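Below: one structure, written as structure tokens.
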Amino acid sequence: MARTDAIVLGAGIVGVSAALHLRERGLSVTLIDRAQPGEGTSFGNAGVIEGSGLLPTSLPYDPVVLLKHALKLSPQSNYRLGALPGLASWLIAYFKASAPAAQANIARDLRPLMAQARGEHRRLAEEAGVQGLLSPTGYLKVYRTAADFAATSTERQLADDLNIPFRVLDEAGARALEPLLTGPFAAAIHWPDCDNVSDPGGLVKAYARLLERRGGLLVRGDARSLRRSGSLWRVETAEGPVDGQIAVVALGPWSLDALKGLGLPQPLPLAVKRGYHIHFEPKPGQFLSRGIVDRAGGFALQGTKGGIRATTGIEFARRDDPATHRQVRQVIAGVRRLVDVGPQVHAEPWLGFRPAFPDSKPVIGRAPGHADLFLDFGHSHWGLTLGPVSGRLLADLVMGVTPFTDPTPFSPARFATA
């Protein structure tokens, strides 16, 4: 029987970061996952730490654009028809949260975390000895038409209001910044307050090694075995049961699996936005120096150790449904119109899962109805960005100290019905 102050479930960027922050506060920590660190959702993302992140990914309010999504004519989204009935209530809430006023409020709620995101990552990367995985070259978003660029007016105004730097570029200016761009487009925006990550999974593994050097334990185990054992929490692992004074659920898209049967008074409306990635070989002498988003094309590009990675938009489906390749085919065509890349590296796309609440904000804090169970998941498209800073906020709440920012917008209790 092993005893620890804190059990952290989930060895992705969020769980590893939470474990590191709790260990820094002096707690003994056991990090438990069925897989090695950084091999799930954290492995396959777009590789950007978005300090300038503002408006979350949302559903369109323009009826013409929404119809294109419904007819599967937009590469930004796809859906499996059989999954929609089960997602109906979540989609309705997500649509409400996609209204412009709601989006601005969400952006303001997230700003304190976004503002600290790069600093938290850079501190951990330096202490882990992997500063070389981060490149401070910013993020470039390209817009194919003048109308597409004009639709960013709300985002640009909000950035001005919040003093977030950005630079509008014409096609020539964007190509001067990123020479790999070839396809025609109307405008671009460079967001400098971003770090690019050449190996997201490797970054998480480095943070996990840092945790071990500081005395934290990494153990293989089944998070679904989480249960009460007297006054403690218990999880079954490959090395026997582990008991902890507190437990932290940071399992991303698998978090609700661990919470089943624990008696939360209010179900948490978590859904999974599925997404794919593929890699292209760079041509000789090519190097992508920063992340690129093609908004209309529905993809993001990043230079990684595996090649030029293209990540897709959203697929609305059940988490465990079979993969589909409709979006991937659309994205491949879009990538080749925008950037002169080499052949595709692997024939089979990678499929990942973005855990998301309708309001695009994570839950960070004490689980309703439990004094010593804490939640840290649901980071939507910003898991890599927000993992370390979420761990800092969580540790503040666990230790009962004044948090560095108001945790109310991220409270798990915000979904309670009147």
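Quick note on naming: the chains in the structure tokens go A, B, ... in the order shown, residues restart at 1 in each chain, and ligands are numbered from 1 in order of appearance.
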Please identify all polymer residues within 8 Å of Ser77 of chain A, counting only C-alpha atoms, omitting same-chain residues fewer than 6 positions from it, and present them as a compact mmCIF listing (two decimals) with all heavy atoms, in the first residue's frame.
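selection25.txt, written as the output of this step:
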# COMPACT_ATOMS: atom_id res chain seq x y z
N HIS A 69 -21.76 24.72 -43.06
CA HIS A 69 -21.32 23.72 -42.09
C HIS A 69 -22.32 22.56 -42.03
O HIS A 69 -21.92 21.40 -41.99
CB HIS A 69 -21.17 24.35 -40.71
CG HIS A 69 -19.95 25.20 -40.55
ND1 HIS A 69 -18.82 24.77 -39.89
CD2 HIS A 69 -19.66 26.45 -40.99
CE1 HIS A 69 -17.90 25.71 -39.91
NE2 HIS A 69 -18.39 26.75 -40.56
N GLY A 298 -9.69 25.97 -42.61
CA GLY A 298 -9.98 25.08 -41.50
C GLY A 298 -8.79 24.26 -41.02
O GLY A 298 -8.95 23.13 -40.56
N GLY A 313 -9.85 21.29 -38.17
CA GLY A 313 -10.85 21.90 -37.30
C GLY A 313 -11.58 20.84 -36.49
O GLY A 313 -11.01 19.82 -36.10
N ILE A 314 -12.86 21.06 -36.28
CA ILE A 314 -13.64 20.23 -35.35
C ILE A 314 -14.41 19.15 -36.09
O ILE A 314 -15.00 19.39 -37.14
CB ILE A 314 -14.65 21.11 -34.58
CG1 ILE A 314 -13.95 22.26 -33.87
CG2 ILE A 314 -15.44 20.27 -33.59
CD1 ILE A 314 -14.90 23.31 -33.36
N GLU A 315 -14.43 17.97 -35.49
CA GLU A 315 -15.37 16.93 -35.91
C GLU A 315 -16.27 16.63 -34.71
O GLU A 315 -15.79 16.25 -33.64
CB GLU A 315 -14.65 15.65 -36.34
CG GLU A 315 -15.63 14.57 -36.80
CD GLU A 315 -14.93 13.30 -37.24
OE1 GLU A 315 -14.24 12.68 -36.42
OE2 GLU A 315 -15.07 12.94 -38.42
N PHE A 316 -17.57 16.83 -34.89
CA PHE A 316 -18.53 16.53 -33.84
C PHE A 316 -18.93 15.07 -33.96
O PHE A 316 -19.59 14.66 -34.92
CB PHE A 316 -19.76 17.44 -33.95
CG PHE A 316 -19.44 18.89 -33.74
CD1 PHE A 316 -19.41 19.78 -34.80
CD2 PHE A 316 -19.17 19.37 -32.47
CE1 PHE A 316 -19.11 21.12 -34.62
CE2 PHE A 316 -18.87 20.72 -32.27
CZ PHE A 316 -18.84 21.59 -33.34
N GLN A 327 -12.63 15.61 -43.58
CA GLN A 327 -11.93 16.87 -43.32
C GLN A 327 -10.47 16.79 -43.75
O GLN A 327 -9.92 17.76 -44.28
CB GLN A 327 -11.99 17.20 -41.83
CG GLN A 327 -13.19 18.02 -41.41
CD GLN A 327 -13.15 18.27 -39.93
OE1 GLN A 327 -13.18 17.34 -39.13
NE2 GLN A 327 -13.08 19.52 -39.53
Return as a Markdown table the residues of segment 89-154 of chain A lying at most 12 Å from segment 402-408 of chain A, together with the closest atom-to-atom pair for each and the distance in Å to one decimal, counting only C-alpha atoms, with rows in chain order and ascending residue number.
| residue | atom | partner | partner_atom | distance |
| --- | --- | --- | --- | --- |
| A:Arg108 | CA | A:Asp406 | CA | 11.9 |
| A:Asp109 | CA | A:Asp406 | CA | 9.1 |
| A:Leu110 | CA | A:Pro407 | CA | 10.3 |
| A:Arg111 | CA | A:Thr405 | CA | 10.1 |
| A:Pro112 | CA | A:Thr405 | CA | 6.7 |
| A:Leu113 | CA | A:Thr405 | CA | 8.0 |
| A:Met114 | CA | A:Thr405 | CA | 11.5 |
| A:Ala115 | CA | A:Thr405 | CA | 11.0 |
| A:Gln116 | CA | A:Phe404 | CA | 10.1 |
Could you name the residues that touch Gly53 of chain A at 12 Å or less, counting only C-alpha atoms, but leaving out those on the same chain fewer than 6 positions away, as a PyMOL selection string? chain A and resi 104+106-118+138-139+141+155-156+158-159+162+164-166+191-195+381-383+385-386
Quick one: pull the distance between atom CA of Ser89 of chain A and atom CA of Pro269 of chain A, Å, one decimal.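 Between atom CA of Ser89 of chain A and atom CA of Pro269 of chain A the gap works out to 8.8 Å.
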Give me, as number ranges by chain, all polymer residues having an atom no more than 12 Å from Arg295 of chain A, counting only C-alpha atoms and skipping those fewer than 2 positions away in the same chain. A: 57, 74-77, 140-145, 148-149, 151-152, 185, 187-189, 292-293, 297-301, 311-313, 331, 334-335, 338
Apply DSSP to the backbone of this structure and, from segment 317-364 of chain A, keep only the residues in strand (DSSP E or B); write these as a list of chain:residue names.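 Written out, the strand (DSSP E or B) residues of segment 317-364 of chain A are A:Val339, A:Gln344, A:Trp350, A:Leu351, A:Gly352, A:Phe353, A:Arg354, A:Pro355, A:Ala356, A:Val363, A:Ile364.
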Output C-alpha atoms for every residue in the selection just made, as a compact mmCIF listing (two decimals), in the first residue's frame.
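again-v1.txt, freshly written:
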# COMPACT_ATOMS: atom_id res chain seq x y z
CA VAL A 339 2.19 26.22 -48.87
CA GLN A 344 2.47 13.33 -46.92
CA TRP A 350 -3.72 10.83 -36.26
CA LEU A 351 -7.02 11.28 -34.38
CA GLY A 352 -7.20 13.24 -31.15
CA PHE A 353 -9.80 14.61 -28.75
CA ARG A 354 -10.27 18.13 -27.44
CA PRO A 355 -12.29 18.09 -24.18
CA ALA A 356 -14.59 21.10 -24.16
CA VAL A 363 -13.08 23.58 -14.89
CA ILE A 364 -10.39 24.28 -12.29
Using only C-alpha atoms, find the one residue out of A:Ala416, A:Ala35, A:Leu288, A:Leu384 that sits nearest to Leu181 of chain A. A:Leu288
For Leu203 of chain A: contacts at 8 Å, only C-alpha atoms, fewer than 3 positions along chain excluded, given as a list in words: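 The residues satisfying every condition are Gly38, Ala125, Val130, Leu133, Val197, Asp199, Pro200, Ala206 and Tyr207 of chain A.
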Of the candidates A:Ala413, A:Leu59, A:Val219, A:Ala128, which shows the shortest atom-to-atom distance to Ile92 of chain A, using only C-alpha atoms? A:Leu59
Name all residues at most 7 Å from Val249 of chain A (count only C-alpha atoms; drop same-chain ones fewer than 4 positions away) and give them as an NGL selection string. :A and (8-10 or 255 or 374-376)
